[in-house]
>>> print(open('run.tsv').read())   # TSV, C-alpha atoms
chain	number	residue	atom	x	y	z
A	4	MET	CA	44.96	183.46	3.07
A	5	SER	CA	45.83	180.05	1.73
A	6	VAL	CA	49.12	178.79	0.31
A	7	ILE	CA	49.78	180.26	-3.15
A	8	GLU	CA	51.21	178.12	-5.97
A	9	VAL	CA	54.15	179.95	-7.51
A	10	THR	CA	55.91	179.40	-10.85
A	11	LYS	CA	58.78	181.17	-12.57
A	12	SER	CA	56.30	183.46	-14.29
A	13	ASN	CA	54.80	184.92	-11.09
A	14	PHE	CA	57.77	184.47	-8.73
A	15	ASP	CA	58.93	188.09	-9.06
A	16	GLU	CA	55.53	189.54	-8.39
A	17	VAL	CA	54.37	187.19	-5.61
A	18	VAL	CA	57.68	186.59	-3.82
A	19	LEU	CA	60.33	189.20	-4.57
A	20	LYS	CA	58.02	192.23	-4.74
A	21	SER	CA	55.84	191.23	-1.80
A	22	ASP	CA	55.11	193.89	0.87
A	23	VAL	CA	55.11	191.21	3.56
A	24	PRO	CA	57.67	188.49	4.29
A	25	VAL	CA	57.30	185.35	2.17
A	26	LEU	CA	57.87	181.77	3.25
A	27	ALA	CA	58.65	179.75	0.12
A	28	ASP	CA	58.15	175.97	0.38
A	29	PHE	CA	60.21	174.15	-2.26
A	30	ASN	CA	58.64	170.70	-2.52
A	31	ALA	CA	57.57	167.80	-4.72
A	32	GLY	CA	54.62	165.43	-4.75
A	33	TRP	CA	56.82	162.33	-4.42
A	34	CYS	CA	58.56	163.71	-1.32
A	35	GLY	CA	56.99	162.25	1.85
A	36	PRO	CA	58.36	164.83	4.32
A	37	CYS	CA	57.07	167.59	2.00
A	38	ARG	CA	53.60	166.06	2.05
A	39	ALA	CA	53.81	165.73	5.83
A	40	MET	CA	54.62	169.44	6.15
A	41	LYS	CA	51.80	170.63	3.85
A	42	PRO	CA	49.00	170.59	6.46
A	43	MET	CA	51.18	172.60	8.84
A	44	LEU	CA	51.83	175.21	6.15
A	45	ASP	CA	48.12	175.31	5.29
A	46	GLU	CA	47.28	175.94	8.95
A	47	LEU	CA	49.87	178.70	9.25
A	48	ALA	CA	48.68	180.38	6.06
A	49	GLU	CA	45.03	180.28	7.11
A	50	GLY	CA	43.92	183.53	8.71
A	51	ASN	CA	47.40	185.05	8.58
A	52	ALA	CA	48.12	188.44	7.04
A	53	ASP	CA	51.58	189.01	8.56
A	54	TYR	CA	53.34	186.93	5.95
A	55	ARG	CA	52.60	185.00	2.77
A	56	ILE	CA	53.25	181.28	2.22
A	57	VAL	CA	53.97	180.03	-1.29
A	58	SER	CA	54.55	176.57	-2.71
A	59	ILE	CA	57.04	175.81	-5.48
A	60	ASP	CA	57.01	172.41	-7.21
A	61	ILE	CA	60.69	171.75	-7.89
A	62	ASP	CA	59.99	169.24	-10.67
A	63	ALA	CA	58.09	171.82	-12.71
A	64	GLU	CA	60.22	174.76	-11.54
A	65	ASP	CA	63.73	173.35	-11.68
A	66	GLU	CA	65.13	176.71	-12.76
A	67	LEU	CA	63.88	178.37	-9.57
A	68	ALA	CA	65.24	175.51	-7.48
A	69	ASP	CA	68.60	175.86	-9.16
A	70	GLU	CA	68.63	179.66	-8.87
A	71	TYR	CA	68.09	179.43	-5.12
A	72	ASP	CA	70.53	176.54	-4.59
A	73	VAL	CA	67.85	174.14	-3.43
A	74	THR	CA	69.37	170.65	-3.41
A	75	SER	CA	67.31	168.95	-0.70
A	76	ILE	CA	63.59	169.08	-0.05
A	77	PRO	CA	61.54	170.03	1.83
A	78	CYS	CA	63.35	173.37	1.79
A	79	LEU	CA	61.80	176.49	3.32
A	80	VAL	CA	63.26	179.85	2.29
A	81	VAL	CA	62.17	183.15	3.86
A	82	PHE	CA	62.29	186.28	1.69
A	83	LYS	CA	62.04	189.84	2.96
A	84	GLY	CA	62.15	192.73	0.52
A	85	GLY	CA	63.23	190.39	-2.26
A	86	GLU	CA	66.20	189.03	-0.31
A	87	GLU	CA	66.66	185.62	1.28
A	88	VAL	CA	66.89	186.07	5.06
A	89	ASN	CA	66.43	182.56	6.42
A	90	ARG	CA	66.32	178.94	5.33
A	91	SER	CA	65.61	175.50	6.72
A	92	VAL	CA	66.02	172.07	5.15
A	93	GLY	CA	64.06	168.98	6.18
A	94	LEU	CA	60.86	168.29	8.05
A	95	ILE	CA	60.44	170.58	11.06
A	96	PRO	CA	57.55	171.10	13.50
A	97	LYS	CA	54.92	173.78	12.98
A	98	ASP	CA	56.29	175.97	15.79
A	99	ALA	CA	59.73	175.95	14.17
A	100	ILE	CA	58.24	176.90	10.79
A	101	ALA	CA	56.47	179.89	12.35
A	102	GLU	CA	59.66	180.89	14.14
A	103	LEU	CA	61.61	180.73	10.89
A	104	VAL	CA	59.47	183.42	9.29
A	105	GLU	CA	58.49	185.41	12.38
A	106	GLY	CA	62.12	185.49	13.53
T	25	MET	CA	46.95	160.40	34.52
T	26	HIS	CA	47.23	158.27	31.39
T	27	ASP	CA	47.60	154.51	31.59
T	28	ILE	CA	50.33	154.57	28.93
T	29	VAL	CA	52.36	157.37	27.39
T	30	VAL	CA	54.13	156.45	24.14
T	31	ILE	CA	57.10	158.60	23.13
T	32	GLY	CA	57.40	158.73	19.33
T	33	ALA	CA	54.70	158.41	16.64
T	34	GLY	CA	56.49	156.20	14.13
T	35	PRO	CA	55.34	152.71	13.12
T	36	ALA	CA	56.41	151.21	16.49
T	37	GLY	CA	54.78	153.89	18.64
T	38	MET	CA	51.54	154.00	16.68
T	39	THR	CA	51.24	150.20	16.61
T	40	ALA	CA	51.76	150.22	20.38
T	41	ALA	CA	48.94	152.76	20.66
T	42	ILE	CA	46.61	150.47	18.66
T	43	TYR	CA	47.33	147.47	20.88
T	44	ALA	CA	47.00	149.50	24.09
T	45	ARG	CA	43.66	150.99	22.98
T	46	ARG	CA	42.33	147.57	22.05
T	47	ALA	CA	43.17	146.55	25.62
T	48	ALA	CA	41.04	149.55	26.72
T	49	LYS	CA	43.92	151.52	28.23
T	50	THR	CA	44.13	155.30	27.88
T	51	VAL	CA	47.01	156.26	25.60
T	52	LEU	CA	48.81	159.49	24.84
T	53	VAL	CA	51.35	159.47	22.00
T	54	LEU	CA	53.94	162.26	22.08
T	55	GLU	CA	55.62	163.27	18.83
T	56	ALA	CA	58.27	165.95	18.33
T	57	VAL	CA	57.63	166.74	14.66
T	58	THR	CA	54.68	165.06	12.97
T	59	PRO	CA	53.26	161.52	13.08
T	60	GLY	CA	55.09	159.19	10.72
T	61	GLY	CA	58.71	158.70	11.66
T	62	GLN	CA	61.55	158.04	9.24
T	63	ILE	CA	59.40	155.77	7.04
T	64	ILE	CA	57.80	158.86	5.45
T	65	ASN	CA	61.08	159.33	3.54
T	66	THR	CA	60.51	156.06	1.71
T	67	PRO	CA	58.75	156.62	-1.63
T	68	ASP	CA	57.70	153.01	-2.09
T	69	ILE	CA	57.43	150.28	0.55
T	70	GLU	CA	57.52	146.86	-1.09
T	71	ASN	CA	58.21	144.52	1.82
T	72	TYR	CA	55.35	145.05	4.25
T	73	PRO	CA	52.89	142.14	4.29
T	74	VAL	CA	49.69	142.52	2.23
T	75	GLU	CA	50.44	145.81	0.40
T	76	ALA	CA	52.72	145.26	-2.61
T	77	HIS	CA	53.32	149.00	-2.96
T	78	ILE	CA	52.56	151.87	-0.62
T	79	SER	CA	54.38	155.13	-0.01
T	80	GLY	CA	55.79	155.72	3.45
T	81	PHE	CA	53.68	158.86	3.75
T	82	ASP	CA	50.42	157.01	2.97
T	83	PHE	CA	51.41	154.17	5.27
T	84	SER	CA	51.99	156.61	8.14
T	85	ASN	CA	48.75	158.47	7.52
T	86	ARG	CA	46.69	155.30	7.54
T	87	LEU	CA	48.40	154.07	10.69
T	88	HIS	CA	47.79	157.44	12.35
T	89	GLU	CA	44.10	157.37	11.38
T	90	GLN	CA	43.78	153.83	12.68
T	91	ALA	CA	45.31	154.72	16.06
T	92	LYS	CA	43.21	157.89	16.36
T	93	GLY	CA	40.09	155.97	15.35
T	94	LEU	CA	40.66	153.60	18.25
T	95	GLY	CA	40.86	156.54	20.64
T	96	ALA	CA	44.59	157.17	21.03
T	97	GLU	CA	45.40	160.80	21.83
T	98	PHE	CA	48.29	162.55	20.09
T	99	ALA	CA	50.24	165.63	21.17
T	100	LEU	CA	52.99	167.42	19.25
T	101	GLU	CA	55.49	167.73	22.07
T	102	LYS	CA	59.11	166.66	22.31
T	103	ALA	CA	59.84	164.50	25.34
T	104	VAL	CA	63.00	165.66	27.07
T	105	GLU	CA	63.03	163.66	30.29
T	106	ILE	CA	61.34	160.85	32.19
T	107	ARG	CA	61.05	161.06	35.96
T	108	ASP	CA	60.65	157.54	37.29
T	109	GLU	CA	58.65	157.88	40.50
T	110	GLY	CA	58.00	154.14	40.84
T	111	ASP	CA	54.30	153.46	40.24
T	112	GLN	CA	54.04	156.76	38.40
T	113	LYS	CA	56.25	157.96	35.54
T	114	VAL	CA	56.30	161.62	34.59
T	115	VAL	CA	57.22	162.44	31.01
T	116	VAL	CA	58.55	165.98	30.78
T	117	THR	CA	58.16	167.66	27.39
T	118	THR	CA	59.04	171.01	25.89
T	119	LYS	CA	55.46	172.09	26.68
T	120	GLY	CA	54.61	170.47	30.01
T	121	GLU	CA	54.41	167.22	31.93
T	122	HIS	CA	52.37	164.04	31.47
T	123	ALA	CA	51.94	161.44	34.19
T	124	ALA	CA	51.57	157.80	33.19
T	125	ARG	CA	51.51	154.42	34.83
T	126	ALA	CA	53.69	152.98	32.06
T	127	VAL	CA	55.85	154.48	29.31
T	128	ILE	CA	56.86	153.09	25.92
T	129	LEU	CA	59.97	154.55	24.32
T	130	ALA	CA	59.56	154.47	20.53
T	131	THR	CA	61.82	157.34	19.56
T	132	GLY	CA	63.54	155.71	16.61
T	133	SER	CA	66.78	157.02	15.22
T	134	GLU	CA	68.26	159.84	13.18
T	135	ASN	CA	70.94	160.07	10.51
T	136	ARG	CA	74.50	159.94	11.78
T	137	LYS	CA	76.43	163.05	10.76
T	138	LEU	CA	80.04	163.12	9.61
T	139	GLY	CA	80.77	165.67	12.30
T	140	LEU	CA	82.62	168.10	10.01
T	141	PRO	CA	82.62	171.89	10.35
T	142	ASP	CA	80.03	173.50	8.02
T	143	GLU	CA	78.15	170.20	7.60
T	144	ALA	CA	74.91	171.67	9.00
T	145	ARG	CA	75.15	174.84	6.91
T	146	LEU	CA	75.77	172.85	3.72
T	147	THR	CA	72.92	170.40	4.31
T	148	GLY	CA	70.59	171.14	1.45
T	149	ARG	CA	73.38	173.00	-0.32
T	150	GLY	CA	75.20	169.97	-1.61
T	151	ILE	CA	75.07	167.65	1.39
T	152	SER	CA	72.22	165.17	1.68
T	153	TYR	CA	71.33	162.20	3.86
T	154	CYS	CA	68.75	160.77	1.45
T	155	ALA	CA	69.68	159.74	-2.09
T	156	THR	CA	66.15	158.77	-3.12
T	157	CYS	CA	64.87	162.16	-1.90
T	158	ASP	CA	67.52	164.40	-3.40
T	159	GLY	CA	69.20	162.37	-6.15
T	160	ASN	CA	67.28	164.08	-8.93
T	161	PHE	CA	68.95	167.39	-8.15
T	162	TYR	CA	72.21	165.86	-9.41
T	163	ARG	CA	71.28	164.73	-12.91
T	164	ASN	CA	74.54	164.54	-14.93
T	165	LYS	CA	76.47	166.00	-12.00
T	166	VAL	CA	79.32	164.55	-9.95
T	167	VAL	CA	78.46	163.09	-6.56
T	168	ALA	CA	80.02	161.03	-3.79
T	169	VAL	CA	78.48	158.61	-1.34
T	170	VAL	CA	80.23	158.04	1.96
T	171	GLY	CA	79.58	154.83	3.85
T	172	GLY	CA	79.93	151.07	3.51
T	173	GLY	CA	76.63	149.51	4.52
T	174	ASN	CA	73.62	148.52	2.44
T	175	THR	CA	72.21	152.04	2.46
T	176	ALA	CA	75.45	153.47	1.03
T	177	LEU	CA	75.63	150.76	-1.64
T	178	GLU	CA	72.01	151.19	-2.67
T	179	ASP	CA	72.38	154.97	-2.70
T	180	ALA	CA	75.43	154.68	-4.97
T	181	LEU	CA	73.57	152.35	-7.34
T	182	PHE	CA	70.55	154.67	-7.43
T	183	LEU	CA	72.78	157.68	-8.12
T	184	ALA	CA	74.79	155.85	-10.79
T	185	ASP	CA	71.66	155.94	-12.97
T	186	ILE	CA	71.28	159.70	-12.54
T	187	ALA	CA	74.66	161.28	-12.01
T	188	GLN	CA	77.56	161.58	-14.42
T	189	ARG	CA	80.02	160.15	-11.91
T	190	VAL	CA	79.70	158.57	-8.46
T	191	TYR	CA	82.52	158.19	-5.95
T	192	LEU	CA	81.90	155.64	-3.21
T	193	ILE	CA	84.06	156.46	-0.22
T	194	HIS	CA	84.49	153.76	2.38
T	195	ARG	CA	86.71	153.62	5.43
T	196	ARG	CA	87.53	149.93	4.92
T	197	ASP	CA	88.66	147.92	1.91
T	198	SER	CA	85.66	145.61	1.82
T	199	PHE	CA	81.91	146.10	2.22
T	200	ARG	CA	79.65	144.69	4.87
T	201	GLY	CA	76.62	145.23	2.61
T	202	GLU	CA	75.08	142.74	0.20
T	203	GLU	CA	77.50	141.20	-2.29
T	204	THR	CA	75.04	141.34	-5.17
T	205	THR	CA	74.78	145.12	-4.81
T	206	VAL	CA	78.58	145.43	-4.67
T	207	ALA	CA	78.86	143.37	-7.86
T	208	ARG	CA	76.27	145.53	-9.62
T	209	LEU	CA	78.17	148.65	-8.60
T	210	LYS	CA	81.48	147.25	-9.82
T	211	ALA	CA	79.90	146.68	-13.22
T	212	ARG	CA	79.16	150.40	-13.58
T	213	ASP	CA	81.83	152.37	-15.39
T	214	ASN	CA	80.77	155.69	-13.79
T	215	VAL	CA	81.36	154.48	-10.23
T	216	GLU	CA	84.78	154.88	-8.61
T	217	PHE	CA	85.57	153.13	-5.34
T	218	VAL	CA	87.71	155.02	-2.84
T	219	TYR	CA	88.76	152.56	-0.15
T	220	ASN	CA	90.39	153.05	3.26
T	221	ALA	CA	89.44	156.67	3.23
T	222	ASN	CA	87.59	159.20	5.36
T	223	VAL	CA	85.98	162.47	4.31
T	224	THR	CA	87.93	164.97	6.39
T	225	GLY	CA	87.08	168.32	4.84
T	226	LEU	CA	84.32	170.20	3.03
T	227	VAL	CA	85.23	172.86	0.48
T	228	ALA	CA	82.42	175.31	-0.20
T	229	GLU	CA	81.38	178.77	-1.11
T	230	LYS	CA	77.61	179.08	-1.24
T	231	ARG	CA	77.33	175.44	-2.21
T	232	LEU	CA	79.55	172.44	-1.61
T	233	LYS	CA	82.28	172.41	-4.28
T	234	ALA	CA	84.67	169.69	-3.23
T	235	ILE	CA	85.56	167.30	-0.45
T	236	GLU	CA	88.90	166.40	1.06
T	237	VAL	CA	89.45	162.69	1.47
T	238	THR	CA	92.22	161.34	3.66
T	239	ASP	CA	93.74	157.94	2.94
T	240	LYS	CA	93.86	155.98	6.18
T	241	LEU	CA	96.93	153.97	5.18
T	242	ASP	CA	99.38	156.62	4.03
T	243	GLY	CA	97.74	159.82	5.33
T	244	SER	CA	97.63	161.43	1.90
T	245	VAL	CA	94.84	163.91	1.21
T	246	ARG	CA	92.96	163.96	-2.08
T	247	THR	CA	90.56	166.70	-3.13
T	248	ILE	CA	87.54	165.54	-5.11
T	249	GLU	CA	85.54	168.20	-6.90
T	250	LEU	CA	81.85	167.43	-6.89
T	251	ASN	CA	78.33	168.81	-6.72
T	252	GLY	CA	76.82	166.59	-4.09
T	253	LEU	CA	77.83	164.47	-1.10
T	254	PHE	CA	75.45	161.78	0.14
T	255	VAL	CA	76.13	160.73	3.72
T	256	ALA	CA	75.12	157.14	4.57
T	257	VAL	CA	77.17	156.31	7.64
T	258	GLY	CA	74.41	154.79	9.71
T	259	ARG	CA	71.89	156.01	12.20
T	260	VAL	CA	71.96	157.10	15.83
T	261	PRO	CA	69.19	156.09	18.25
T	262	GLU	CA	67.43	159.04	19.85
T	263	ASN	CA	67.72	157.89	23.45
T	264	GLN	CA	70.05	160.53	24.89
T	265	ASN	CA	67.32	162.16	26.98
T	266	PHE	CA	66.52	158.89	28.74
T	267	ALA	CA	70.02	157.60	29.51
T	268	SER	CA	69.58	158.27	33.22
T	269	VAL	CA	66.45	156.09	33.56
T	270	VAL	CA	67.05	153.11	31.25
T	271	LYS	CA	70.21	151.18	30.43
T	272	LEU	CA	71.72	151.90	26.99
T	273	ASP	CA	74.38	149.88	25.18
T	274	GLU	CA	77.66	151.43	23.99
T	275	SER	CA	76.00	152.59	20.74
T	276	GLY	CA	73.14	154.27	22.56
T	277	TYR	CA	70.40	151.67	21.97
T	278	VAL	CA	68.03	150.81	24.83
T	279	VAL	CA	69.04	147.38	26.09
T	280	ALA	CA	66.04	145.05	25.84
T	281	GLY	CA	65.17	141.60	24.55
T	282	GLU	CA	62.22	140.58	22.41
T	283	ASP	CA	59.88	141.22	25.38
T	284	CYS	CA	60.77	144.95	25.10
T	285	HIS	CA	61.40	145.31	28.86
T	286	THR	CA	63.99	147.96	29.71
T	287	SER	CA	66.10	148.05	32.85
T	288	ALA	CA	63.39	150.19	34.49
T	289	GLU	CA	60.14	148.60	35.63
T	290	GLY	CA	57.15	150.03	33.81
T	291	ILE	CA	59.24	151.52	30.99
T	292	PHE	CA	59.24	149.61	27.71
T	293	VAL	CA	60.97	150.14	24.37
T	294	ALA	CA	59.78	149.53	20.81
T	295	GLY	CA	61.33	149.96	17.38
T	296	ASP	CA	64.65	151.07	15.95
T	297	ASN	CA	65.96	152.51	19.23
T	298	ARG	CA	66.05	149.02	20.82
T	299	THR	CA	68.99	146.60	20.66
T	300	LYS	CA	67.92	144.18	17.94
T	301	ALA	CA	69.13	142.28	14.89
T	302	LEU	CA	66.77	143.61	12.22
T	303	ARG	CA	65.44	147.17	11.99
T	304	GLN	CA	62.57	147.08	9.52
T	305	LEU	CA	59.02	148.39	9.32
T	306	VAL	CA	57.58	145.00	10.16
T	307	THR	CA	59.86	144.49	13.18
T	308	ALA	CA	59.04	148.00	14.43
T	309	ALA	CA	55.35	147.13	14.28
T	310	ALA	CA	56.05	143.81	16.02
T	311	ASP	CA	57.89	145.65	18.80
T	312	GLY	CA	54.94	148.02	19.18
T	313	ALA	CA	52.60	145.08	19.72
T	314	MET	CA	54.94	143.42	22.20
T	315	ALA	CA	55.76	146.57	24.19
T	316	ALA	CA	52.09	147.51	24.44
T	317	THR	CA	51.08	144.03	25.57
T	318	GLU	CA	53.75	144.07	28.26
T	319	ALA	CA	52.82	147.62	29.29
T	320	VAL	CA	49.15	146.62	29.57
T	321	ARG	CA	50.11	143.66	31.74
T	322	TYR	CA	52.25	145.95	33.92
T	323	VAL	CA	49.40	148.48	34.32
T	324	ASN	CA	46.96	145.69	35.23
T	325	GLU	CA	49.29	144.32	37.88
T	326	HIS	CA	50.20	147.65	39.50
>>> encode(input="run.tsv", output="C-alpha cells")
Amino acid sequence: MSVIEVTKSNFDEVVLKSDVPVLADFNAGWCGPCRAMKPMLDELAEGNADYRIVSIDIDAEDELADEYDVTSIPCLVVFKGGEEVNRSVGLIPKDAIAELVEG
Amino acid sequence: MHDIVVIGAGPAGMTAAIYARRAAKTVLVLEAVTPGGQIINTPDIENYPVEAHISGFDFSNRLHEQAKGLGAEFALEKAVEIRDEGDQKVVVTTKGEHAARAVILATGSENRKLGLPDEARLTGRGISYCATCDGNFYRNKVVAVVGGGNTALEDALFLADIAQRVYLIHRRDSFRGEETTVARLKARDNVEFVYNANVTGLVAEKRLKAIEVTDKLDGSVRTIELNGLFVAVGRVPENQNFASVVKLDESGYVVAGEDCHTSAEGIFVAGDNRTKALRQLVTAAADGAMAATEAVRYVNEH
C-alpha cells in the first residue's frame, strides 16, 4: 500500500473507521522536516498491511489540524479504533516512526 | 576499517565527506535521523554564495547527492561513543561499531529547552521551537516569544505579522540582538516587551493555555493567557556522548581552532558544535573542508 492523501471529506472513512491502525502524517509542502520524513513514510507504507499511513496537508485541511490540536509539524498521530493512541512531533528516524505505530 | 568516519550528516559533515572522497579516502557518514541537519528547517536560504534562494531541504538533498555521487557511504545510526584506541578509533552506534583511522565530529546542535515540567508533552500543543515552521497555526491568536538573541527578535517580528498579539519575554532589560530588529519591533503596536522576566510555569489542559512569568527584580508572578509559546533561548551542542574523549568548553562545545583539531589526535570537529565566532551554513561548510583536509593529512601520516 502507498500513503493515502486524506481530506476532511474522507477522514472518517479512511482514518476513524479503519480496521487497522492508522498513522496520520500532518504536514505541509513548505515544511522541510515534513519533506525529509516523506520517503521514510513511503517506505513504511510500501508492502505493509498491518497499518495504514495517511497524509494530511494542514494548509488545505486546517479544520482537521485544529480539531486534533496540531500546532507544530511534522506531527504524526496514531489512531486505533477511531481514537488517538499515540503522537509524535518533529522529525524522527524511520525506526522510531515504526515503533510509534507498532507500539 | 574506514579511513574516516564522519558523525553527523549536516552541511559540515557532508562537506567533509566530499573533501575526503576527493582525496580518495574511504568515508562513512553516520546520521541519527536523516541527512540534512538543522538547515532543513529553513524555508529559504538567501546568504549562501551563488544561489540567491534555495530551501534548506533542497540544499541538503543536493549536498547529500553530491557526497553520495563521490562515493561517500551513509548509515542511519546514532553514534553514542568513541573508543580512542590510538591509531584506530572505534565509533559505537545504536546498531554496531565502526572502526576508523580518523573521526570527524559534525554533530551540530539542538534547541535549548526551558526545562519546565510538561514542556515535552506540550511541544506541538502550543509550544514550538520554530516560528517560521509553526507561526501560521497562530493567525490572529496570542503568542509569546521567550529569548533575547537574534532568533528571538526575528521570531517576534515574523509573528507580529501573523498573530493578534506578541509578548517578547526576555531575562534582561536590553537585547544582545541586532538593533535594527529591536527598533522594528518597538514600532509594532501589537508587540509587548516583558523585561527582566523568566517563564517559570506552563498552564495547560490539552493545549497550552497560559504561562507564568516571574519578574526577576521583585519576584512577582504574572499569568499571561496565550495560545502559543515560541522558545528561542539558544542551542545546545550535541557533544555529550564524546565528552570523555575530546575537551569541551563550559557550554559543551568541542574546543578547537580554525584547524578543527580537537584535544584528541585523529579526532576532528566541524560545524556548529565547535567553539567558533560565527555559526552559519557557509562556516559549517568551511569547517567540513578544513576538518577533512586535516583528517586526510592525519591518515596519510599514520
>>> residues_around(input="run.tsv", residues="stretch 235-249 of chain T", least_positions_apart="5", cutoff="6 Å", atoms="only C-alpha atoms", output="number ranges by chain")
T: 220-227
>>> residues_around(input="run.tsv", residues="A:Ile7", least_positions_apart="2", cutoff="8 Å", atoms="all atoms listed in the file", output="compact mmCIF listing (two decimals) with C-alpha atoms, keeping the file's coordinate frame")
# COMPACT_ATOMS: atom_id res chain seq x y z
CA SER A 5 45.83 180.05 1.73
CA VAL A 9 54.15 179.95 -7.51
CA ILE A 56 53.25 181.28 2.22
CA VAL A 57 53.97 180.03 -1.29
CA SER A 58 54.55 176.57 -2.71
>>> interface_residues(input="run.tsv", of="chain T", to="chain A", cutoff="7 Å", atoms="only C-alpha atoms", output="list in words")
Val57, Thr58, Ile64, Asn65, Pro67, Gly80, Phe81, Gly148, Arg149, Gly150, Ser152, Cys157, Asp158 and Phe161 of chain T
>>> write_last_selection(input="run.tsv", atoms="C-alpha atoms", output="PDB file, keeping the file's coordinate frame")
ATOM      1  CA  VAL T  57      57.630 166.740  14.660  1.00  0.00           C
ATOM      2  CA  THR T  58      54.680 165.060  12.970  1.00  0.00           C
ATOM      3  CA  ILE T  64      57.800 158.860   5.450  1.00  0.00           C
ATOM      4  CA  ASN T  65      61.080 159.330   3.540  1.00  0.00           C
ATOM      5  CA  PRO T  67      58.750 156.620  -1.630  1.00  0.00           C
ATOM      6  CA  GLY T  80      55.790 155.720   3.450  1.00  0.00           C
ATOM      7  CA  PHE T  81      53.680 158.860   3.750  1.00  0.00           C
ATOM      8  CA  GLY T 148      70.590 171.140   1.450  1.00  0.00           C
ATOM      9  CA  ARG T 149      73.380 173.000  -0.320  1.00  0.00           C
ATOM     10  CA  GLY T 150      75.200 169.970  -1.610  1.00  0.00           C
ATOM     11  CA  SER T 152      72.220 165.170   1.680  1.00  0.00           C
ATOM     12  CA  CYS T 157      64.870 162.160  -1.900  1.00  0.00           C
ATOM     13  CA  ASP T 158      67.520 164.400  -3.400  1.00  0.00           C
ATOM     14  CA  PHE T 161      68.950 167.390  -8.150  1.00  0.00           C
TER      15      PHE T 161
END
>>> atom_distance(input="run.tsv", atom1="atom CA of T:Arg136", atom2="atom CA of T:Asp296")
13.9 Å
>>> closest_residue(input="run.tsv", among="A:Ala101, A:Leu19, A:Ala27, A:Ala48", to="A:Asp60", atoms="all atoms listed in the file")
A:Ala27
>>> residues_around(input="run.tsv", residues="stretch 305-314 of chain T", least_positions_apart="4", cutoff="6 Å", atoms="all atoms listed in the file", output="PyMOL selection string")
chain T and resi 35-37+39-40+43+294-295
>>> atom_distance(input="run.tsv", atom1="atom CA of T:Asp108", atom2="atom CA of T:Arg303")
27.8 Å
>>> atom_distance(input="run.tsv", atom1="atom CA of T:Val104", atom2="atom CA of T:Val29")
13.5 Å
>>> axis_aligned_box(input="run.tsv", around="stretch 75-90 of chain A", padding_each_side="8 Å", output="JSON")
{"center_x": 64.4, "center_y": 180.8, "center_z": 2.1, "size_x": 21.8, "size_y": 39.8, "size_z": 24.7}
>>> closest_residue(input="run.tsv", among="T:Ala103, T:Val215, T:Leu253, T:Leu129", to="T:His285", atoms="all atoms listed in the file")
T:Leu129
>>> closest_residue(input="run.tsv", among="T:Ile291, T:Ala56, T:Ala180, T:Leu87", to="T:Lys119", atoms="only C-alpha atoms")
T:Ala56
>>> decode(input="run.tsv", residues="stretch 50-61 of chain A", atoms="N, CA and C atoms", output="PDB file, in the first residue's frame")
ATOM      1  N   GLY A  50       4.238  -2.224   0.889  1.00  0.00           N
ATOM      2  CA  GLY A  50       4.247  -3.639   1.274  1.00  0.00           C
ATOM      3  C   GLY A  50       3.880  -3.878   2.731  1.00  0.00           C
ATOM      4  N   ASN A  51       3.020  -3.026   3.267  1.00  0.00           N
ATOM      5  CA  ASN A  51       2.649  -3.151   4.681  1.00  0.00           C
ATOM      6  C   ASN A  51       1.129  -3.179   4.801  1.00  0.00           C
ATOM      7  N   ALA A  52       0.615  -4.272   5.369  1.00  0.00           N
ATOM      8  CA  ALA A  52      -0.840  -4.390   5.520  1.00  0.00           C
ATOM      9  C   ALA A  52      -1.271  -4.275   6.977  1.00  0.00           C
ATOM     10  N   ASP A  53      -0.281  -4.182   7.894  1.00  0.00           N
ATOM     11  CA  ASP A  53      -0.604  -4.161   9.326  1.00  0.00           C
ATOM     12  C   ASP A  53      -1.201  -2.830   9.767  1.00  0.00           C
ATOM     13  N   TYR A  54      -0.818  -1.780   9.088  1.00  0.00           N
ATOM     14  CA  TYR A  54      -1.388  -0.466   9.395  1.00  0.00           C
ATOM     15  C   TYR A  54      -1.392   0.375   8.127  1.00  0.00           C
ATOM     16  N   ARG A  55      -2.132   1.478   8.201  1.00  0.00           N
ATOM     17  CA  ARG A  55      -2.335   2.361   7.059  1.00  0.00           C
ATOM     18  C   ARG A  55      -1.618   3.679   7.360  1.00  0.00           C
ATOM     19  N   ILE A  56      -0.991   4.267   6.355  1.00  0.00           N
ATOM     20  CA  ILE A  56      -0.375   5.586   6.548  1.00  0.00           C
ATOM     21  C   ILE A  56      -1.098   6.598   5.668  1.00  0.00           C
ATOM     22  N   VAL A  57      -1.525   7.701   6.292  1.00  0.00           N
ATOM     23  CA  VAL A  57      -2.224   8.737   5.537  1.00  0.00           C
ATOM     24  C   VAL A  57      -1.506  10.074   5.690  1.00  0.00           C
ATOM     25  N   SER A  58      -1.667  10.927   4.687  1.00  0.00           N
ATOM     26  CA  SER A  58      -1.046  12.239   4.690  1.00  0.00           C
ATOM     27  C   SER A  58      -2.129  13.316   4.691  1.00  0.00           C
ATOM     28  N   ILE A  59      -1.964  14.305   5.570  1.00  0.00           N
ATOM     29  CA  ILE A  59      -2.939  15.395   5.660  1.00  0.00           C
ATOM     30  C   ILE A  59      -2.210  16.726   5.486  1.00  0.00           C
ATOM     31  N   ASP A  60      -2.551  17.451   4.441  1.00  0.00           N
ATOM     32  CA  ASP A  60      -1.954  18.754   4.163  1.00  0.00           C
ATOM     33  C   ASP A  60      -2.639  19.800   5.052  1.00  0.00           C
ATOM     34  N   ILE A  61      -1.907  20.321   6.019  1.00  0.00           N
ATOM     35  CA  ILE A  61      -2.549  21.188   7.025  1.00  0.00           C
ATOM     36  C   ILE A  61      -2.991  22.542   6.450  1.00  0.00           C
TER      37      ILE A  61
END
